[in-house]
>>> print(open('protein_31.cif').read())   # mmCIF, N, CA and C atoms
data_data
#
loop_
_atom_site.label_atom_id
_atom_site.label_comp_id
_atom_site.auth_asym_id
_atom_site.auth_seq_id
_atom_site.Cartn_x
_atom_site.Cartn_y
_atom_site.Cartn_z
N MET A 1 21.80 -12.17 21.94
CA MET A 1 22.66 -11.15 21.39
C MET A 1 23.37 -11.65 20.13
N GLU A 2 23.27 -12.91 19.86
CA GLU A 2 24.00 -13.49 18.73
C GLU A 2 23.72 -12.78 17.41
N SER A 3 22.46 -12.54 17.08
CA SER A 3 22.12 -11.90 15.80
C SER A 3 22.63 -10.47 15.75
N ALA A 4 22.41 -9.72 16.81
CA ALA A 4 22.89 -8.34 16.86
C ALA A 4 24.41 -8.29 16.79
N ARG A 5 25.07 -9.16 17.53
CA ARG A 5 26.53 -9.19 17.53
C ARG A 5 27.05 -9.55 16.13
N ARG A 6 26.43 -10.52 15.51
CA ARG A 6 26.85 -10.94 14.17
C ARG A 6 26.71 -9.79 13.17
N ALA A 7 25.57 -9.09 13.21
CA ALA A 7 25.36 -7.97 12.30
C ALA A 7 26.37 -6.86 12.57
N LEU A 8 26.59 -6.55 13.84
CA LEU A 8 27.54 -5.49 14.20
C LEU A 8 28.95 -5.85 13.77
N GLU A 9 29.36 -7.09 14.01
CA GLU A 9 30.70 -7.52 13.60
C GLU A 9 30.87 -7.44 12.08
N THR A 10 29.83 -7.80 11.33
CA THR A 10 29.91 -7.71 9.88
C THR A 10 30.04 -6.26 9.45
N LEU A 11 29.24 -5.38 10.03
CA LEU A 11 29.30 -3.96 9.66
C LEU A 11 30.65 -3.34 9.99
N MET A 12 31.29 -3.81 11.03
CA MET A 12 32.58 -3.24 11.42
C MET A 12 33.70 -3.64 10.47
N THR A 13 33.42 -4.58 9.54
CA THR A 13 34.41 -4.91 8.51
C THR A 13 34.33 -3.95 7.33
N TRP A 14 33.28 -3.14 7.26
CA TRP A 14 33.12 -2.19 6.17
C TRP A 14 34.00 -0.98 6.42
N PRO A 15 34.66 -0.46 5.40
CA PRO A 15 35.48 0.74 5.59
C PRO A 15 34.61 1.96 5.91
N GLY A 16 35.13 2.81 6.78
CA GLY A 16 34.45 4.07 7.09
C GLY A 16 33.37 3.99 8.14
N LEU A 17 33.14 2.81 8.71
CA LEU A 17 32.13 2.68 9.77
C LEU A 17 32.82 2.61 11.13
N SER A 18 32.16 3.17 12.14
CA SER A 18 32.66 3.13 13.51
C SER A 18 31.47 3.00 14.46
N THR A 19 31.74 2.87 15.75
CA THR A 19 30.67 2.76 16.74
C THR A 19 30.78 3.87 17.78
N ALA A 20 29.65 4.14 18.42
CA ALA A 20 29.56 5.12 19.50
C ALA A 20 28.26 4.83 20.24
N PRO A 21 28.07 5.42 21.42
CA PRO A 21 26.77 5.28 22.07
C PRO A 21 25.66 5.90 21.20
N ALA A 22 24.51 5.27 21.16
CA ALA A 22 23.38 5.80 20.38
C ALA A 22 22.91 7.11 20.99
N THR A 23 22.61 8.08 20.15
CA THR A 23 22.19 9.40 20.64
C THR A 23 20.86 9.36 21.37
N CYS A 24 20.06 8.34 21.14
CA CYS A 24 18.79 8.22 21.84
C CYS A 24 18.98 7.75 23.28
N GLY A 25 20.21 7.35 23.61
CA GLY A 25 20.51 6.95 24.98
C GLY A 25 20.46 5.47 25.25
N THR A 26 20.13 4.67 24.25
CA THR A 26 20.02 3.23 24.46
C THR A 26 20.80 2.48 23.40
N GLY A 27 21.86 1.78 23.81
CA GLY A 27 22.56 0.89 22.90
C GLY A 27 23.74 1.51 22.18
N THR A 28 24.15 0.79 21.15
CA THR A 28 25.33 1.14 20.36
C THR A 28 24.90 1.59 18.97
N ALA A 29 25.51 2.67 18.52
CA ALA A 29 25.24 3.18 17.18
C ALA A 29 26.38 2.81 16.25
N VAL A 30 26.04 2.62 14.99
CA VAL A 30 27.03 2.48 13.92
C VAL A 30 26.99 3.80 13.16
N LEU A 31 28.18 4.36 12.95
CA LEU A 31 28.30 5.64 12.27
C LEU A 31 29.00 5.47 10.93
N ALA A 32 28.50 6.20 9.94
CA ALA A 32 29.15 6.30 8.63
C ALA A 32 29.54 7.76 8.47
N ASP A 33 30.83 8.00 8.40
CA ASP A 33 31.33 9.37 8.28
C ASP A 33 30.77 10.26 9.38
N GLY A 34 30.69 9.74 10.59
CA GLY A 34 30.26 10.51 11.75
C GLY A 34 28.75 10.61 11.93
N VAL A 35 27.96 10.00 11.05
CA VAL A 35 26.50 10.05 11.12
C VAL A 35 25.96 8.71 11.59
N GLN A 36 25.08 8.74 12.60
CA GLN A 36 24.51 7.49 13.12
C GLN A 36 23.47 6.95 12.14
N ILE A 37 23.76 5.75 11.61
CA ILE A 37 22.85 5.15 10.63
C ILE A 37 22.16 3.90 11.17
N VAL A 38 22.72 3.29 12.21
CA VAL A 38 22.13 2.09 12.82
C VAL A 38 22.24 2.24 14.33
N HIS A 39 21.18 1.87 15.02
CA HIS A 39 21.20 1.77 16.48
C HIS A 39 20.88 0.33 16.87
N PHE A 40 21.79 -0.33 17.55
CA PHE A 40 21.50 -1.64 18.15
C PHE A 40 21.04 -1.36 19.57
N HIS A 41 19.72 -1.33 19.79
CA HIS A 41 19.17 -0.97 21.09
C HIS A 41 19.28 -2.10 22.10
N THR A 42 19.01 -3.30 21.66
CA THR A 42 19.06 -4.47 22.52
C THR A 42 19.56 -5.64 21.68
N ALA A 43 19.61 -6.80 22.28
CA ALA A 43 19.99 -8.00 21.55
C ALA A 43 18.91 -8.39 20.54
N HIS A 44 17.74 -7.76 20.64
CA HIS A 44 16.60 -8.15 19.81
C HIS A 44 16.07 -7.04 18.92
N GLN A 45 16.71 -5.86 18.92
CA GLN A 45 16.15 -4.74 18.16
C GLN A 45 17.24 -3.83 17.62
N ALA A 46 17.11 -3.50 16.33
CA ALA A 46 17.98 -2.52 15.70
C ALA A 46 17.12 -1.55 14.90
N ASP A 47 17.49 -0.28 14.94
CA ASP A 47 16.85 0.74 14.11
C ASP A 47 17.85 1.19 13.06
N LEU A 48 17.40 1.37 11.84
CA LEU A 48 18.26 1.83 10.75
C LEU A 48 17.63 3.06 10.12
N TYR A 49 18.45 4.08 9.86
CA TYR A 49 17.97 5.27 9.20
C TYR A 49 18.07 5.09 7.70
N LEU A 50 16.93 4.95 7.04
CA LEU A 50 16.89 4.81 5.58
C LEU A 50 16.45 6.11 4.92
N GLY A 51 15.84 6.99 5.69
CA GLY A 51 15.26 8.21 5.15
C GLY A 51 13.84 7.94 4.68
N ARG A 52 12.99 8.94 4.82
CA ARG A 52 11.59 8.76 4.46
C ARG A 52 11.38 8.37 3.00
N PRO A 53 12.10 8.96 2.04
CA PRO A 53 11.88 8.55 0.65
C PRO A 53 12.16 7.05 0.43
N ALA A 54 13.23 6.54 1.02
CA ALA A 54 13.55 5.11 0.86
C ALA A 54 12.54 4.24 1.58
N VAL A 55 12.12 4.65 2.78
CA VAL A 55 11.11 3.87 3.51
C VAL A 55 9.83 3.80 2.69
N GLU A 56 9.41 4.93 2.13
CA GLU A 56 8.20 4.94 1.31
C GLU A 56 8.37 4.08 0.07
N ARG A 57 9.53 4.17 -0.57
CA ARG A 57 9.79 3.40 -1.79
C ARG A 57 9.84 1.89 -1.51
N LEU A 58 10.38 1.51 -0.35
CA LEU A 58 10.58 0.10 -0.01
C LEU A 58 9.49 -0.46 0.91
N SER A 59 8.50 0.35 1.26
CA SER A 59 7.53 -0.07 2.30
C SER A 59 6.80 -1.36 1.96
N GLU A 60 6.45 -1.58 0.71
CA GLU A 60 5.76 -2.81 0.36
C GLU A 60 6.66 -4.02 0.60
N GLU A 61 7.90 -3.95 0.14
CA GLU A 61 8.84 -5.05 0.34
C GLU A 61 9.15 -5.24 1.83
N LEU A 62 9.37 -4.13 2.52
CA LEU A 62 9.67 -4.23 3.95
C LEU A 62 8.49 -4.81 4.72
N GLY A 63 7.29 -4.50 4.27
CA GLY A 63 6.09 -5.00 4.92
C GLY A 63 5.92 -6.51 4.83
N HIS A 64 6.61 -7.15 3.89
CA HIS A 64 6.54 -8.60 3.75
C HIS A 64 7.38 -9.33 4.78
N SER A 65 8.29 -8.61 5.44
CA SER A 65 9.16 -9.23 6.43
C SER A 65 8.50 -9.19 7.80
N THR A 66 8.45 -10.33 8.46
CA THR A 66 7.90 -10.37 9.82
C THR A 66 8.85 -9.74 10.83
N ALA A 67 10.08 -9.48 10.43
CA ALA A 67 11.07 -8.89 11.34
C ALA A 67 11.05 -7.37 11.32
N VAL A 68 10.40 -6.76 10.34
CA VAL A 68 10.45 -5.31 10.16
C VAL A 68 9.23 -4.64 10.77
N ARG A 69 9.49 -3.53 11.46
CA ARG A 69 8.42 -2.69 11.99
C ARG A 69 8.63 -1.29 11.44
N LEU A 70 7.56 -0.72 10.89
CA LEU A 70 7.60 0.64 10.37
C LEU A 70 6.76 1.53 11.26
N VAL A 71 7.23 2.74 11.49
CA VAL A 71 6.50 3.73 12.26
C VAL A 71 6.08 4.81 11.28
N ALA A 72 4.79 5.11 11.23
CA ALA A 72 4.28 6.09 10.27
C ALA A 72 5.04 7.40 10.35
N GLY A 73 5.47 7.88 9.19
CA GLY A 73 6.15 9.16 9.11
C GLY A 73 7.62 9.14 9.49
N SER A 74 8.16 8.00 9.84
CA SER A 74 9.54 7.92 10.29
C SER A 74 10.47 7.53 9.15
N GLY A 75 11.66 8.08 9.17
CA GLY A 75 12.70 7.68 8.23
C GLY A 75 13.51 6.52 8.75
N TRP A 76 13.16 6.03 9.93
CA TRP A 76 13.85 4.91 10.57
C TRP A 76 13.01 3.64 10.41
N VAL A 77 13.68 2.49 10.30
CA VAL A 77 13.05 1.18 10.22
C VAL A 77 13.58 0.35 11.38
N THR A 78 12.69 -0.37 12.05
CA THR A 78 13.09 -1.25 13.15
C THR A 78 13.12 -2.68 12.64
N VAL A 79 14.20 -3.40 12.98
CA VAL A 79 14.31 -4.81 12.65
C VAL A 79 14.39 -5.58 13.96
N LEU A 80 13.51 -6.56 14.12
CA LEU A 80 13.53 -7.45 15.28
C LEU A 80 14.49 -8.58 14.97
N LEU A 81 15.47 -8.74 15.82
CA LEU A 81 16.55 -9.70 15.57
C LEU A 81 16.28 -11.02 16.29
N ASP A 82 16.09 -12.07 15.49
CA ASP A 82 15.82 -13.38 16.07
C ASP A 82 16.44 -14.50 15.24
N GLY A 83 17.58 -14.23 14.62
CA GLY A 83 18.24 -15.28 13.84
C GLY A 83 19.15 -14.70 12.78
N ASP A 84 19.84 -15.59 12.09
CA ASP A 84 20.81 -15.18 11.07
C ASP A 84 20.18 -14.37 9.95
N SER A 85 18.97 -14.75 9.53
CA SER A 85 18.35 -14.02 8.42
C SER A 85 18.03 -12.58 8.82
N ASP A 86 17.69 -12.35 10.08
CA ASP A 86 17.43 -10.99 10.56
C ASP A 86 18.73 -10.19 10.61
N ALA A 87 19.82 -10.82 11.02
CA ALA A 87 21.13 -10.16 11.01
C ALA A 87 21.52 -9.80 9.58
N ASP A 88 21.26 -10.71 8.65
CA ASP A 88 21.55 -10.44 7.24
C ASP A 88 20.71 -9.27 6.73
N LEU A 89 19.46 -9.20 7.17
CA LEU A 89 18.59 -8.09 6.77
C LEU A 89 19.13 -6.76 7.27
N VAL A 90 19.61 -6.72 8.52
CA VAL A 90 20.20 -5.49 9.06
C VAL A 90 21.39 -5.07 8.22
N VAL A 91 22.24 -6.01 7.87
CA VAL A 91 23.43 -5.70 7.06
C VAL A 91 23.01 -5.18 5.68
N THR A 92 22.03 -5.81 5.07
CA THR A 92 21.55 -5.36 3.77
C THR A 92 20.97 -3.95 3.86
N LEU A 93 20.12 -3.72 4.86
CA LEU A 93 19.52 -2.40 5.00
C LEU A 93 20.54 -1.34 5.39
N ALA A 94 21.63 -1.75 6.02
CA ALA A 94 22.69 -0.79 6.37
C ALA A 94 23.30 -0.17 5.13
N SER A 95 23.32 -0.90 4.03
CA SER A 95 23.85 -0.32 2.79
C SER A 95 22.91 0.77 2.29
N VAL A 96 21.61 0.59 2.46
CA VAL A 96 20.64 1.63 2.11
C VAL A 96 20.80 2.81 3.06
N ALA A 97 20.97 2.50 4.35
CA ALA A 97 21.15 3.55 5.36
C ALA A 97 22.39 4.38 5.07
N ARG A 98 23.43 3.73 4.65
CA ARG A 98 24.68 4.44 4.35
C ARG A 98 24.47 5.44 3.21
N GLN A 99 23.67 5.08 2.25
CA GLN A 99 23.37 5.98 1.12
C GLN A 99 22.42 7.10 1.51
N ALA A 100 21.60 6.88 2.55
CA ALA A 100 20.59 7.87 2.94
C ALA A 100 21.21 9.14 3.52
N GLY A 101 22.39 9.01 4.13
CA GLY A 101 23.02 10.18 4.73
C GLY A 101 22.45 10.48 6.10
N ALA A 102 22.57 11.71 6.50
CA ALA A 102 22.22 12.12 7.86
C ALA A 102 20.71 12.28 8.04
N PRO A 103 20.21 11.84 9.21
CA PRO A 103 18.82 12.16 9.55
C PRO A 103 18.67 13.68 9.63
N ARG A 104 17.54 14.18 9.25
CA ARG A 104 17.29 15.62 9.29
C ARG A 104 16.28 15.93 10.37
N PRO A 105 16.75 16.37 11.55
CA PRO A 105 15.85 16.61 12.68
C PRO A 105 14.72 17.59 12.36
N GLY A 106 14.89 18.49 11.41
CA GLY A 106 13.85 19.45 11.07
C GLY A 106 12.65 18.83 10.37
N ARG A 107 12.84 17.63 9.79
CA ARG A 107 11.75 16.95 9.10
C ARG A 107 11.10 15.96 10.04
N THR A 108 9.79 15.99 10.13
CA THR A 108 9.05 15.12 11.03
C THR A 108 9.45 13.66 10.84
N GLY A 109 9.81 13.02 11.93
CA GLY A 109 10.10 11.60 11.92
C GLY A 109 11.52 11.24 11.53
N ASP A 110 12.27 12.16 10.98
CA ASP A 110 13.61 11.81 10.52
C ASP A 110 14.67 11.91 11.61
N GLY A 111 14.51 12.78 12.58
CA GLY A 111 15.56 12.99 13.56
C GLY A 111 15.69 11.90 14.60
N ALA A 112 14.61 11.49 15.20
CA ALA A 112 14.64 10.52 16.29
C ALA A 112 14.42 9.12 15.75
N CYS A 113 15.17 8.16 16.28
CA CYS A 113 14.96 6.77 15.86
C CYS A 113 13.63 6.27 16.42
N ASN A 114 13.32 5.03 16.16
CA ASN A 114 12.03 4.46 16.57
C ASN A 114 12.01 3.96 18.01
N GLN A 115 13.11 4.10 18.74
CA GLN A 115 13.16 3.65 20.13
C GLN A 115 12.00 4.28 20.90
N GLY A 116 11.25 3.47 21.59
CA GLY A 116 10.10 3.94 22.35
C GLY A 116 8.80 3.90 21.56
N HIS A 117 8.88 3.73 20.25
CA HIS A 117 7.69 3.63 19.42
C HIS A 117 7.36 2.19 19.05
N VAL A 118 8.34 1.30 19.23
CA VAL A 118 8.16 -0.11 18.94
C VAL A 118 8.48 -0.88 20.21
N SER A 119 7.55 -1.70 20.66
CA SER A 119 7.76 -2.49 21.87
C SER A 119 8.03 -3.94 21.50
N ILE A 120 8.99 -4.52 22.19
CA ILE A 120 9.34 -5.91 21.95
C ILE A 120 9.16 -6.68 23.25
N ILE A 121 8.42 -7.76 23.17
CA ILE A 121 8.25 -8.62 24.34
C ILE A 121 9.03 -9.89 24.08
N THR A 122 10.01 -10.15 24.94
CA THR A 122 10.81 -11.37 24.79
C THR A 122 10.07 -12.54 25.43
N LEU A 123 10.52 -13.75 25.12
CA LEU A 123 9.89 -14.94 25.71
C LEU A 123 9.97 -14.92 27.23
N GLU A 124 11.09 -14.41 27.76
CA GLU A 124 11.25 -14.33 29.22
C GLU A 124 10.19 -13.41 29.83
N GLN A 125 9.89 -12.30 29.16
CA GLN A 125 8.90 -11.35 29.66
C GLN A 125 7.49 -11.91 29.53
N ALA A 126 7.24 -12.70 28.49
CA ALA A 126 5.92 -13.23 28.25
C ALA A 126 5.56 -14.35 29.23
N ALA A 127 6.58 -15.00 29.78
CA ALA A 127 6.32 -16.15 30.67
C ALA A 127 5.88 -15.70 32.05
#
>>> encode(input="protein_31.cif", output="structure tokens")
Amino acid sequence: MESARRALETLMTWPGLSTAPATCGTGTAVLADGVQIVHFHTAHQADLYLGRPAVERLSEELGHSTAVRLVAGSGWVTVLLDGDSDADLVVTLASVARQAGAPRPGRTGDGACNQGHVSIITLEQAA
């Protein structure tokens, strides 16, 4: 939980951000002006709403990160948290998420986060 906790604690120092239960039913959400922009689902996974235009614009750069998972057609990006650099990536992408505004449920892929579309196997599960 160290990476997720570190990222969440950093985000909570930003003005205008708050927390609430994630609307998908799993984990803690970070809200900007009442809009959920980040979901910390587990100690190892966070979803950030960047919006489809930003995901498409940044997809090549995001694809270079081994921590990032993209779901086709989604405005959400999943970051696998396994260290300080991944926590830093979540914080960096949160600034993009903050600019993206509210997810638009009427547009395919924008309303629901990636929870359930990305599977993470921890070392404990693999053993």
>>> residues_near_point(input="protein_31.cif", point="(16.3, -9.3, 15.9)", cutoff="7 Å", atoms="only N, CA and C atoms", output="ChimeraX atom specification")
/A:3-4,43-46,67,79-83,86-87
>>> atom_distance(input="protein_31.cif", atom1="atom N of Asn114 (chain A)", atom2="atom C of Leu50 (chain A)")
11.7 Å
>>> residues_around(input="protein_31.cif", residues="region 20-36 of chain A", least_positions_apart="2", cutoff="10 Å", atoms="only C-alpha atoms", output="number ranges by chain")
A: 8, 11-12, 14-18, 38-43, 45-49, 94, 97-99, 101-103, 112-116
>>> atom_distance(input="protein_31.cif", atom1="CA of Thr13 (chain A)", atom2="CA of Ala100 (chain A)")
19.6 Å
>>> axis_aligned_box(input="protein_31.cif", around="region 73-82 of chain A", padding_each_side="5 Å", output="JSON")
{"center_x": 11.0, "center_y": -2.7, "center_z": 12.3, "size_x": 21.1, "size_y": 33.7, "size_z": 18.1}
>>> select_by_dssp(input="protein_31.cif", residues="chain A", states="strand (DSSP E or B)", output="PyMOL selection string")
chain A and resi 17-21+28-32+35-42+45-49+68-70+76-80+115+118
>>> residues_near_point(input="protein_31.cif", point="(11.7, 6.8, 7.1)", cutoff="5 Å", atoms="all atoms listed in the file", output="ChimeraX atom specification")
/A:51-52,55,74-76
>>> atom_distance(input="protein_31.cif", atom1="atom N of Leu89 (chain A)", atom2="atom C of Val68 (chain A)")
11.8 Å
